[in-house]
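Asks: So that you have it, the file is entry14.cif, and it contains mmCIF, N, CA and C atoms:
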data_data
#
loop_
_atom_site.label_atom_id
_atom_site.label_comp_id
_atom_site.auth_asym_id
_atom_site.auth_seq_id
_atom_site.Cartn_x
_atom_site.Cartn_y
_atom_site.Cartn_z
N MET G 1 -6.94 -47.05 -112.32
CA MET G 1 -8.16 -46.84 -111.57
C MET G 1 -8.05 -45.51 -110.84
N ALA G 2 -9.16 -44.83 -110.65
CA ALA G 2 -9.20 -43.50 -110.05
C ALA G 2 -8.80 -43.53 -108.58
N MET G 3 -8.23 -42.40 -108.16
CA MET G 3 -7.87 -42.24 -106.75
C MET G 3 -9.15 -42.08 -105.92
N ILE G 4 -9.09 -42.51 -104.68
CA ILE G 4 -10.18 -42.31 -103.73
C ILE G 4 -9.87 -41.02 -102.99
N GLU G 5 -10.67 -39.99 -103.21
CA GLU G 5 -10.39 -38.65 -102.71
C GLU G 5 -10.76 -38.46 -101.25
N ASP G 6 -10.01 -37.56 -100.60
CA ASP G 6 -10.26 -37.15 -99.21
C ASP G 6 -10.37 -38.33 -98.25
N CYS G 7 -9.55 -39.33 -98.49
CA CYS G 7 -9.55 -40.54 -97.66
C CYS G 7 -8.11 -41.01 -97.49
N THR G 8 -7.76 -41.37 -96.29
CA THR G 8 -6.44 -41.91 -95.97
C THR G 8 -6.57 -43.41 -95.74
N ALA G 9 -5.64 -44.17 -96.28
CA ALA G 9 -5.63 -45.61 -96.06
C ALA G 9 -4.69 -45.93 -94.89
N VAL G 10 -5.12 -46.82 -94.02
CA VAL G 10 -4.31 -47.27 -92.90
C VAL G 10 -4.31 -48.79 -92.89
N LEU G 11 -3.12 -49.37 -92.91
CA LEU G 11 -2.96 -50.82 -92.83
C LEU G 11 -2.68 -51.18 -91.38
N LEU G 12 -3.51 -52.01 -90.79
CA LEU G 12 -3.31 -52.45 -89.40
C LEU G 12 -2.25 -53.54 -89.37
N ALA G 13 -1.15 -53.28 -88.67
CA ALA G 13 -0.05 -54.25 -88.60
C ALA G 13 0.51 -54.33 -87.18
N GLY G 14 -0.30 -54.04 -86.19
CA GLY G 14 0.21 -53.98 -84.83
C GLY G 14 -0.03 -55.21 -83.98
N GLY G 15 -0.66 -56.21 -84.56
CA GLY G 15 -1.02 -57.40 -83.78
C GLY G 15 0.17 -58.26 -83.43
N LYS G 16 -0.02 -59.08 -82.42
CA LYS G 16 1.03 -59.99 -81.96
C LYS G 16 1.01 -61.32 -82.70
N SER G 17 -0.04 -61.58 -83.46
CA SER G 17 -0.19 -62.84 -84.20
C SER G 17 0.04 -64.05 -83.28
N LYS G 18 -0.59 -64.01 -82.12
CA LYS G 18 -0.39 -65.06 -81.10
C LYS G 18 -0.76 -66.45 -81.63
N ARG G 19 -1.87 -66.56 -82.30
CA ARG G 19 -2.29 -67.88 -82.80
C ARG G 19 -1.37 -68.37 -83.91
N MET G 20 -0.85 -67.46 -84.70
CA MET G 20 0.05 -67.82 -85.80
C MET G 20 1.45 -68.16 -85.28
N GLY G 21 1.84 -67.51 -84.19
CA GLY G 21 3.16 -67.77 -83.64
C GLY G 21 4.27 -66.92 -84.22
N GLN G 22 3.94 -66.09 -85.20
CA GLN G 22 4.90 -65.15 -85.78
C GLN G 22 4.12 -64.02 -86.44
N ASP G 23 4.78 -62.94 -86.73
CA ASP G 23 4.14 -61.78 -87.33
C ASP G 23 3.61 -62.14 -88.72
N LYS G 24 2.29 -62.14 -88.88
CA LYS G 24 1.69 -62.53 -90.16
C LYS G 24 2.09 -61.60 -91.29
N THR G 25 2.32 -60.35 -90.99
CA THR G 25 2.62 -59.40 -92.06
C THR G 25 3.95 -59.68 -92.73
N THR G 26 4.82 -60.44 -92.07
CA THR G 26 6.13 -60.74 -92.65
C THR G 26 6.15 -62.07 -93.40
N LEU G 27 5.05 -62.82 -93.38
CA LEU G 27 5.00 -64.08 -94.12
C LEU G 27 5.18 -63.78 -95.61
N MET G 28 5.93 -64.62 -96.27
CA MET G 28 6.25 -64.40 -97.68
C MET G 28 5.25 -65.10 -98.60
N LEU G 29 4.92 -64.42 -99.69
CA LEU G 29 4.05 -64.93 -100.73
C LEU G 29 4.63 -64.44 -102.05
N ASP G 30 5.07 -65.35 -102.87
CA ASP G 30 5.65 -64.99 -104.17
C ASP G 30 6.77 -63.97 -104.03
N GLY G 31 7.61 -64.15 -103.03
CA GLY G 31 8.80 -63.31 -102.88
C GLY G 31 8.61 -61.98 -102.18
N ARG G 32 7.39 -61.69 -101.75
CA ARG G 32 7.11 -60.45 -101.02
C ARG G 32 6.30 -60.76 -99.78
N SER G 33 6.44 -59.91 -98.75
CA SER G 33 5.68 -60.11 -97.52
C SER G 33 4.21 -59.79 -97.76
N LEU G 34 3.35 -60.31 -96.88
CA LEU G 34 1.93 -60.00 -96.98
C LEU G 34 1.70 -58.50 -96.88
N LEU G 35 2.45 -57.83 -96.01
CA LEU G 35 2.34 -56.38 -95.90
C LEU G 35 2.69 -55.69 -97.21
N GLN G 36 3.76 -56.12 -97.86
CA GLN G 36 4.16 -55.52 -99.13
C GLN G 36 3.08 -55.71 -100.20
N HIS G 37 2.50 -56.91 -100.25
CA HIS G 37 1.41 -57.17 -101.20
C HIS G 37 0.22 -56.24 -100.94
N THR G 38 -0.19 -56.17 -99.68
CA THR G 38 -1.35 -55.35 -99.33
C THR G 38 -1.08 -53.89 -99.64
N PHE G 39 0.11 -53.42 -99.25
CA PHE G 39 0.47 -52.02 -99.51
C PHE G 39 0.45 -51.72 -101.01
N SER G 40 0.97 -52.63 -101.81
CA SER G 40 1.03 -52.38 -103.26
C SER G 40 -0.35 -52.34 -103.90
N ARG G 41 -1.33 -52.98 -103.29
CA ARG G 41 -2.69 -52.95 -103.83
C ARG G 41 -3.48 -51.74 -103.34
N VAL G 42 -3.18 -51.29 -102.12
CA VAL G 42 -3.95 -50.21 -101.50
C VAL G 42 -3.38 -48.83 -101.83
N SER G 43 -2.08 -48.65 -101.69
CA SER G 43 -1.48 -47.31 -101.75
C SER G 43 -1.70 -46.54 -103.06
N PRO G 44 -1.75 -47.19 -104.22
CA PRO G 44 -1.96 -46.40 -105.44
C PRO G 44 -3.31 -45.69 -105.50
N LEU G 45 -4.24 -46.09 -104.66
CA LEU G 45 -5.59 -45.53 -104.70
C LEU G 45 -5.79 -44.33 -103.76
N PHE G 46 -4.78 -44.04 -102.92
CA PHE G 46 -4.93 -43.01 -101.89
C PHE G 46 -3.76 -42.05 -101.93
N SER G 47 -4.01 -40.80 -101.58
CA SER G 47 -2.90 -39.84 -101.54
C SER G 47 -2.02 -40.06 -100.33
N GLU G 48 -2.57 -40.65 -99.27
CA GLU G 48 -1.79 -40.99 -98.08
C GLU G 48 -2.10 -42.41 -97.64
N THR G 49 -1.05 -43.14 -97.30
CA THR G 49 -1.20 -44.48 -96.74
C THR G 49 -0.24 -44.59 -95.57
N PHE G 50 -0.74 -45.10 -94.44
CA PHE G 50 0.06 -45.32 -93.24
C PHE G 50 -0.05 -46.78 -92.82
N VAL G 51 0.89 -47.19 -91.98
CA VAL G 51 0.81 -48.49 -91.33
C VAL G 51 0.66 -48.22 -89.83
N SER G 52 -0.36 -48.79 -89.22
CA SER G 52 -0.60 -48.64 -87.79
C SER G 52 0.04 -49.83 -87.07
N VAL G 53 0.94 -49.52 -86.13
CA VAL G 53 1.68 -50.55 -85.40
C VAL G 53 1.68 -50.23 -83.91
N HIS G 54 1.90 -51.24 -83.11
CA HIS G 54 2.03 -51.00 -81.66
C HIS G 54 3.47 -50.63 -81.33
N ASP G 55 4.41 -51.31 -81.94
CA ASP G 55 5.83 -51.02 -81.77
C ASP G 55 6.41 -50.69 -83.14
N ALA G 56 7.24 -49.67 -83.20
CA ALA G 56 7.84 -49.27 -84.48
C ALA G 56 8.56 -50.46 -85.10
N LYS G 57 8.43 -50.56 -86.42
CA LYS G 57 9.04 -51.67 -87.16
C LYS G 57 9.96 -51.10 -88.23
N GLU G 58 10.98 -51.86 -88.57
CA GLU G 58 11.87 -51.48 -89.65
C GLU G 58 11.26 -51.91 -90.99
N ASP G 59 11.76 -51.33 -92.04
CA ASP G 59 11.38 -51.71 -93.40
C ASP G 59 9.90 -51.56 -93.70
N MET G 60 9.30 -50.51 -93.17
CA MET G 60 7.91 -50.23 -93.51
C MET G 60 7.87 -49.49 -94.83
N PRO G 61 6.89 -49.76 -95.67
CA PRO G 61 6.82 -49.11 -96.98
C PRO G 61 6.33 -47.66 -96.92
N CYS G 62 5.89 -47.21 -95.73
CA CYS G 62 5.39 -45.84 -95.59
C CYS G 62 5.49 -45.44 -94.12
N ALA G 63 5.01 -44.24 -93.81
CA ALA G 63 5.04 -43.75 -92.43
C ALA G 63 4.20 -44.64 -91.51
N GLN G 64 4.61 -44.68 -90.24
CA GLN G 64 3.93 -45.51 -89.25
C GLN G 64 3.14 -44.64 -88.27
N ILE G 65 2.02 -45.15 -87.83
CA ILE G 65 1.25 -44.56 -86.74
C ILE G 65 1.41 -45.51 -85.56
N LEU G 66 1.92 -45.01 -84.45
CA LEU G 66 2.13 -45.85 -83.27
C LEU G 66 0.95 -45.71 -82.33
N ASP G 67 0.37 -46.84 -81.95
CA ASP G 67 -0.68 -46.77 -80.94
C ASP G 67 -0.03 -46.89 -79.58
N GLN G 68 -0.52 -46.14 -78.63
CA GLN G 68 0.06 -46.08 -77.29
C GLN G 68 -0.79 -46.81 -76.27
N ALA G 69 -1.73 -47.58 -76.72
CA ALA G 69 -2.66 -48.27 -75.82
C ALA G 69 -1.96 -49.36 -75.01
N THR G 70 -2.44 -49.57 -73.82
CA THR G 70 -1.90 -50.64 -72.98
C THR G 70 -2.60 -51.97 -73.27
N THR G 71 -3.74 -51.91 -73.94
CA THR G 71 -4.43 -53.14 -74.32
C THR G 71 -3.98 -53.57 -75.70
N GLU G 72 -4.02 -54.84 -75.95
CA GLU G 72 -3.65 -55.38 -77.26
C GLU G 72 -4.93 -55.71 -78.00
N SER G 73 -5.28 -54.83 -78.95
CA SER G 73 -6.53 -54.99 -79.67
C SER G 73 -6.44 -54.22 -80.97
N PRO G 74 -7.09 -54.72 -82.02
CA PRO G 74 -7.13 -53.94 -83.26
C PRO G 74 -7.75 -52.56 -83.04
N MET G 75 -8.63 -52.43 -82.06
CA MET G 75 -9.26 -51.14 -81.79
C MET G 75 -8.23 -50.10 -81.38
N ALA G 76 -7.14 -50.51 -80.74
CA ALA G 76 -6.09 -49.56 -80.36
C ALA G 76 -5.46 -48.96 -81.61
N GLY G 77 -5.19 -49.78 -82.60
CA GLY G 77 -4.63 -49.30 -83.86
C GLY G 77 -5.61 -48.43 -84.62
N ILE G 78 -6.88 -48.79 -84.59
CA ILE G 78 -7.90 -48.00 -85.27
C ILE G 78 -8.04 -46.64 -84.60
N ALA G 79 -8.08 -46.62 -83.27
CA ALA G 79 -8.20 -45.35 -82.54
C ALA G 79 -7.01 -44.44 -82.83
N ALA G 80 -5.80 -45.00 -82.84
CA ALA G 80 -4.61 -44.21 -83.14
C ALA G 80 -4.67 -43.65 -84.56
N ALA G 81 -5.14 -44.45 -85.50
CA ALA G 81 -5.26 -44.01 -86.89
C ALA G 81 -6.27 -42.87 -87.01
N LEU G 82 -7.40 -43.00 -86.36
CA LEU G 82 -8.42 -41.96 -86.44
C LEU G 82 -7.93 -40.64 -85.83
N GLN G 83 -7.11 -40.73 -84.80
CA GLN G 83 -6.55 -39.52 -84.19
C GLN G 83 -5.48 -38.89 -85.06
N ALA G 84 -4.71 -39.69 -85.77
CA ALA G 84 -3.58 -39.18 -86.55
C ALA G 84 -3.96 -38.65 -87.92
N CYS G 85 -5.01 -39.18 -88.51
CA CYS G 85 -5.36 -38.81 -89.88
C CYS G 85 -6.20 -37.55 -89.90
N THR G 86 -5.97 -36.72 -90.90
CA THR G 86 -6.69 -35.45 -91.01
C THR G 86 -7.71 -35.43 -92.15
N SER G 87 -7.77 -36.45 -92.95
CA SER G 87 -8.74 -36.48 -94.04
C SER G 87 -10.14 -36.71 -93.49
N ALA G 88 -11.13 -36.45 -94.33
CA ALA G 88 -12.53 -36.62 -93.91
C ALA G 88 -12.86 -38.09 -93.66
N TRP G 89 -12.18 -38.98 -94.39
CA TRP G 89 -12.45 -40.41 -94.30
C TRP G 89 -11.16 -41.17 -94.05
N VAL G 90 -11.27 -42.30 -93.39
CA VAL G 90 -10.13 -43.20 -93.16
C VAL G 90 -10.58 -44.61 -93.50
N LEU G 91 -9.83 -45.26 -94.37
CA LEU G 91 -10.09 -46.65 -94.72
C LEU G 91 -9.11 -47.52 -93.95
N ILE G 92 -9.61 -48.46 -93.19
CA ILE G 92 -8.77 -49.36 -92.41
C ILE G 92 -8.76 -50.72 -93.09
N VAL G 93 -7.57 -51.26 -93.34
CA VAL G 93 -7.41 -52.57 -93.97
C VAL G 93 -6.39 -53.36 -93.16
N ALA G 94 -6.66 -54.61 -92.89
CA ALA G 94 -5.67 -55.46 -92.23
C ALA G 94 -4.47 -55.63 -93.16
N ALA G 95 -3.28 -55.55 -92.62
CA ALA G 95 -2.06 -55.62 -93.42
C ALA G 95 -1.79 -57.01 -93.98
N ASP G 96 -2.52 -58.00 -93.51
CA ASP G 96 -2.32 -59.37 -94.00
C ASP G 96 -3.43 -59.80 -94.96
N MET G 97 -3.85 -58.85 -95.81
CA MET G 97 -4.88 -59.11 -96.82
C MET G 97 -4.28 -58.90 -98.21
N PRO G 98 -3.42 -59.82 -98.66
CA PRO G 98 -2.68 -59.59 -99.90
C PRO G 98 -3.54 -59.60 -101.17
N PHE G 99 -4.78 -60.04 -101.07
CA PHE G 99 -5.63 -60.12 -102.25
C PHE G 99 -6.76 -59.09 -102.27
N VAL G 100 -6.68 -58.10 -101.39
CA VAL G 100 -7.70 -57.05 -101.39
C VAL G 100 -7.69 -56.39 -102.77
N SER G 101 -8.88 -56.12 -103.28
CA SER G 101 -8.96 -55.60 -104.65
C SER G 101 -9.32 -54.12 -104.68
N ALA G 102 -8.89 -53.47 -105.75
CA ALA G 102 -9.23 -52.06 -105.95
C ALA G 102 -10.74 -51.91 -106.09
N ASP G 103 -11.40 -52.83 -106.75
CA ASP G 103 -12.85 -52.76 -106.90
C ASP G 103 -13.54 -52.77 -105.54
N LEU G 104 -13.09 -53.62 -104.64
CA LEU G 104 -13.68 -53.66 -103.29
C LEU G 104 -13.45 -52.34 -102.58
N LEU G 105 -12.25 -51.79 -102.66
CA LEU G 105 -11.94 -50.55 -101.97
C LEU G 105 -12.77 -49.38 -102.51
N HIS G 106 -13.00 -49.38 -103.79
CA HIS G 106 -13.86 -48.33 -104.37
C HIS G 106 -15.28 -48.52 -103.94
#
As structure tokens, what does this structure read like?
Replies:
Amino acid sequence: MAMIEDCTAVLLAGGKSKRMGQDKTTLMLDGRSLLQHTFSRVSPLFSETFVSVHDAKEDMPCAQILDQATTESPMAGIAAALQACTSAWVLIVAADMPFVSADLLH
């Protein structure tokens, strides 16, 4: 499938997953984390892919964007991503969406 030009993909992975009780992005599905599944579906379509986090994490599949906000909200990660990315467009995807499709992203 064709690359999506002049657009950076950002996976939001900075949440506390309070209701879940553990980091949703690390939940395993068929031997890989939800983050790994999402990254593998999104990254081939973009020249740059980042993971937006509140606190730096180990074993990220790509570079991280750290949000410095004192509030805990997805908007903090989105704001940090918009400030860090230099492309004309930024696509934001939750990191716990292992079934996101290339057709949807296009």
Asks: Of the candidates G:Asp103, G:Leu66, G:Ala94, G:Ser47, which shows the shortest atom-to-atom distance to Ala81 of chain G, using all atoms listed in the file?
Replies: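 Of the candidates, the smallest distance to Ala81 of chain G is held by G:Leu66.
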Asks: Taking only N, CA and C atoms into account, which of G:Leu45, G:Ile65, G:Leu11, G:Ala56 comes nearest Ala95 of chain G?
Replies: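 Distance minimum relative to Ala95 of chain G lands on G:Leu11.
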Asks: Please report, as a PyMOL selection string, each residue of chain G to which DSSP assigns alpha helix (DSSP H) when run on this structure's backbone.
Replies: chain G and resi 34-42+74-84+102-105
Asks: Residues picked by the PyMOL selection byres (((chain G and resi 104 and name CA) around 12) and name CA) here, as a ChimeraX atom specification?
Replies: /G:4,41-42,45,91,93,99-103,105-106
Asks: Deliver the residues from the most recent selection as a file, using N, CA and C atoms, as an mmCIF file, in the coordinates of the input.
Replies:
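Resulting contents of selection_24.cif:
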data_model
loop_
_atom_site.group_PDB
_atom_site.id
_atom_site.type_symbol
_atom_site.label_atom_id
_atom_site.label_comp_id
_atom_site.auth_asym_id
_atom_site.auth_seq_id
_atom_site.Cartn_x
_atom_site.Cartn_y
_atom_site.Cartn_z
ATOM 1 N N ILE G 4 -9.090 -42.510 -104.680
ATOM 2 C CA ILE G 4 -10.180 -42.310 -103.730
ATOM 3 C C ILE G 4 -9.870 -41.020 -102.990
ATOM 4 N N ARG G 41 -1.330 -52.980 -103.290
ATOM 5 C CA ARG G 41 -2.690 -52.950 -103.830
ATOM 6 C C ARG G 41 -3.480 -51.740 -103.340
ATOM 7 N N VAL G 42 -3.180 -51.290 -102.120
ATOM 8 C CA VAL G 42 -3.950 -50.210 -101.500
ATOM 9 C C VAL G 42 -3.380 -48.830 -101.830
ATOM 10 N N LEU G 45 -4.240 -46.090 -104.660
ATOM 11 C CA LEU G 45 -5.590 -45.530 -104.700
ATOM 12 C C LEU G 45 -5.790 -44.330 -103.760
ATOM 13 N N LEU G 91 -9.830 -45.260 -94.370
ATOM 14 C CA LEU G 91 -10.090 -46.650 -94.720
ATOM 15 C C LEU G 91 -9.110 -47.520 -93.950
ATOM 16 N N VAL G 93 -7.570 -51.260 -93.340
ATOM 17 C CA VAL G 93 -7.410 -52.570 -93.970
ATOM 18 C C VAL G 93 -6.390 -53.360 -93.160
ATOM 19 N N PHE G 99 -4.780 -60.040 -101.070
ATOM 20 C CA PHE G 99 -5.630 -60.120 -102.250
ATOM 21 C C PHE G 99 -6.760 -59.090 -102.270
ATOM 22 N N VAL G 100 -6.680 -58.100 -101.390
ATOM 23 C CA VAL G 100 -7.700 -57.050 -101.390
ATOM 24 C C VAL G 100 -7.690 -56.390 -102.770
ATOM 25 N N SER G 101 -8.880 -56.120 -103.280
ATOM 26 C CA SER G 101 -8.960 -55.600 -104.650
ATOM 27 C C SER G 101 -9.320 -54.120 -104.680
ATOM 28 N N ALA G 102 -8.890 -53.470 -105.750
ATOM 29 C CA ALA G 102 -9.230 -52.060 -105.950
ATOM 30 C C ALA G 102 -10.740 -51.910 -106.090
ATOM 31 N N ASP G 103 -11.400 -52.830 -106.750
ATOM 32 C CA ASP G 103 -12.850 -52.760 -106.900
ATOM 33 C C ASP G 103 -13.540 -52.770 -105.540
ATOM 34 N N LEU G 105 -12.250 -51.790 -102.660
ATOM 35 C CA LEU G 105 -11.940 -50.550 -101.970
ATOM 36 C C LEU G 105 -12.770 -49.380 -102.510
ATOM 37 N N HIS G 106 -13.000 -49.380 -103.790
ATOM 38 C CA HIS G 106 -13.860 -48.330 -104.370
ATOM 39 C C HIS G 106 -15.280 -48.520 -103.940
#
Asks: As a VMD selection string, which residues of chain G does DSSP assign to strand (DSSP E)?
Replies: chain G and resid 7 to 12 28 to 29 32 to 33 48 to 53 64 to 66 89 to 94
Asks: To one decimal place, how far is atom CA of Leu82 of chain G from atom CA of Asp23 of chain G in Å?
Replies: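 We find that atom CA of Leu82 of chain G and atom CA of Asp23 of chain G lie 23.5 Å from each other.
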Asks: Could you check how far atom CA of Leu27 of chain G sits from atom CA of Ile78 of chain G, in Å to one decimal?
Replies: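 About the pair atom CA of Leu27 of chain G and atom CA of Ile78 of chain G: they are 22.4 Å apart.
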Asks: Using only N, CA and C atoms, which residue out of G:Asp59, G:Glu48, G:Asp67, G:Asp96 lies closest to Thr8 of chain G?
Replies: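 Of all the options, G:Glu48 lies closest to Thr8 of chain G.
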Asks: What gap, in Å, lies between atom CA of Met28 of chain G and atom CA of Gly77 of chain G?
Replies: 23.2 Å
Asks: May I ask you to restore all heavy atoms in segment 93-103 of chain G and write the result as a short mmCIF file (atom, residue, chain, number, x, y, z; two decimals), in the coordinates of the input?
Replies:
data_model
loop_
_atom_site.label_atom_id
_atom_site.label_comp_id
_atom_site.auth_asym_id
_atom_site.auth_seq_id
_atom_site.Cartn_x
_atom_site.Cartn_y
_atom_site.Cartn_z
N VAL G 93 -7.57 -51.26 -93.34
CA VAL G 93 -7.41 -52.57 -93.97
C VAL G 93 -6.39 -53.36 -93.16
O VAL G 93 -5.35 -52.81 -92.78
CB VAL G 93 -6.91 -52.43 -95.43
CG1 VAL G 93 -6.67 -53.79 -96.06
CG2 VAL G 93 -7.88 -51.63 -96.26
N ALA G 94 -6.66 -54.61 -92.89
CA ALA G 94 -5.67 -55.46 -92.23
C ALA G 94 -4.47 -55.63 -93.16
O ALA G 94 -4.63 -55.81 -94.38
CB ALA G 94 -6.27 -56.82 -91.89
N ALA G 95 -3.28 -55.55 -92.62
CA ALA G 95 -2.06 -55.62 -93.42
C ALA G 95 -1.79 -57.01 -93.98
O ALA G 95 -0.94 -57.17 -94.84
CB ALA G 95 -0.86 -55.15 -92.59
N ASP G 96 -2.52 -58.00 -93.51
CA ASP G 96 -2.32 -59.37 -94.00
C ASP G 96 -3.43 -59.80 -94.96
O ASP G 96 -3.88 -60.92 -94.96
CB ASP G 96 -2.19 -60.35 -92.83
CG ASP G 96 -3.43 -60.39 -91.94
OD1 ASP G 96 -4.30 -59.50 -92.07
OD2 ASP G 96 -3.53 -61.31 -91.11
N MET G 97 -3.85 -58.85 -95.81
CA MET G 97 -4.88 -59.11 -96.82
C MET G 97 -4.28 -58.90 -98.21
O MET G 97 -4.59 -57.93 -98.89
CB MET G 97 -6.08 -58.20 -96.60
CG MET G 97 -6.81 -58.45 -95.30
SD MET G 97 -8.17 -57.28 -95.02
CE MET G 97 -9.23 -57.63 -96.41
N PRO G 98 -3.42 -59.82 -98.66
CA PRO G 98 -2.68 -59.59 -99.90
C PRO G 98 -3.54 -59.60 -101.17
O PRO G 98 -3.07 -59.18 -102.22
CB PRO G 98 -1.68 -60.74 -99.93
CG PRO G 98 -2.36 -61.83 -99.17
CD PRO G 98 -3.10 -61.11 -98.06
N PHE G 99 -4.78 -60.04 -101.07
CA PHE G 99 -5.63 -60.12 -102.25
C PHE G 99 -6.76 -59.09 -102.27
O PHE G 99 -7.67 -59.20 -103.08
CB PHE G 99 -6.20 -61.53 -102.39
CG PHE G 99 -5.13 -62.59 -102.44
CD1 PHE G 99 -5.00 -63.52 -101.42
CD2 PHE G 99 -4.23 -62.63 -103.49
CE1 PHE G 99 -4.00 -64.48 -101.46
CE2 PHE G 99 -3.23 -63.59 -103.54
CZ PHE G 99 -3.11 -64.52 -102.52
N VAL G 100 -6.68 -58.10 -101.39
CA VAL G 100 -7.70 -57.05 -101.39
C VAL G 100 -7.69 -56.39 -102.77
O VAL G 100 -6.65 -56.16 -103.36
CB VAL G 100 -7.46 -56.03 -100.25
CG1 VAL G 100 -6.20 -55.24 -100.45
CG2 VAL G 100 -8.67 -55.13 -100.09
N SER G 101 -8.88 -56.12 -103.28
CA SER G 101 -8.96 -55.60 -104.65
C SER G 101 -9.32 -54.12 -104.68
O SER G 101 -10.01 -53.61 -103.79
CB SER G 101 -10.00 -56.39 -105.45
OG SER G 101 -11.30 -56.08 -105.01
N ALA G 102 -8.89 -53.47 -105.75
CA ALA G 102 -9.23 -52.06 -105.95
C ALA G 102 -10.74 -51.91 -106.09
O ALA G 102 -11.32 -50.93 -105.59
CB ALA G 102 -8.51 -51.52 -107.18
N ASP G 103 -11.40 -52.83 -106.75
CA ASP G 103 -12.85 -52.76 -106.90
C ASP G 103 -13.54 -52.77 -105.54
O ASP G 103 -14.48 -52.01 -105.32
CB ASP G 103 -13.38 -53.91 -107.75
CG ASP G 103 -13.03 -53.77 -109.22
OD1 ASP G 103 -12.76 -52.63 -109.65
OD2 ASP G 103 -13.03 -54.79 -109.92
#
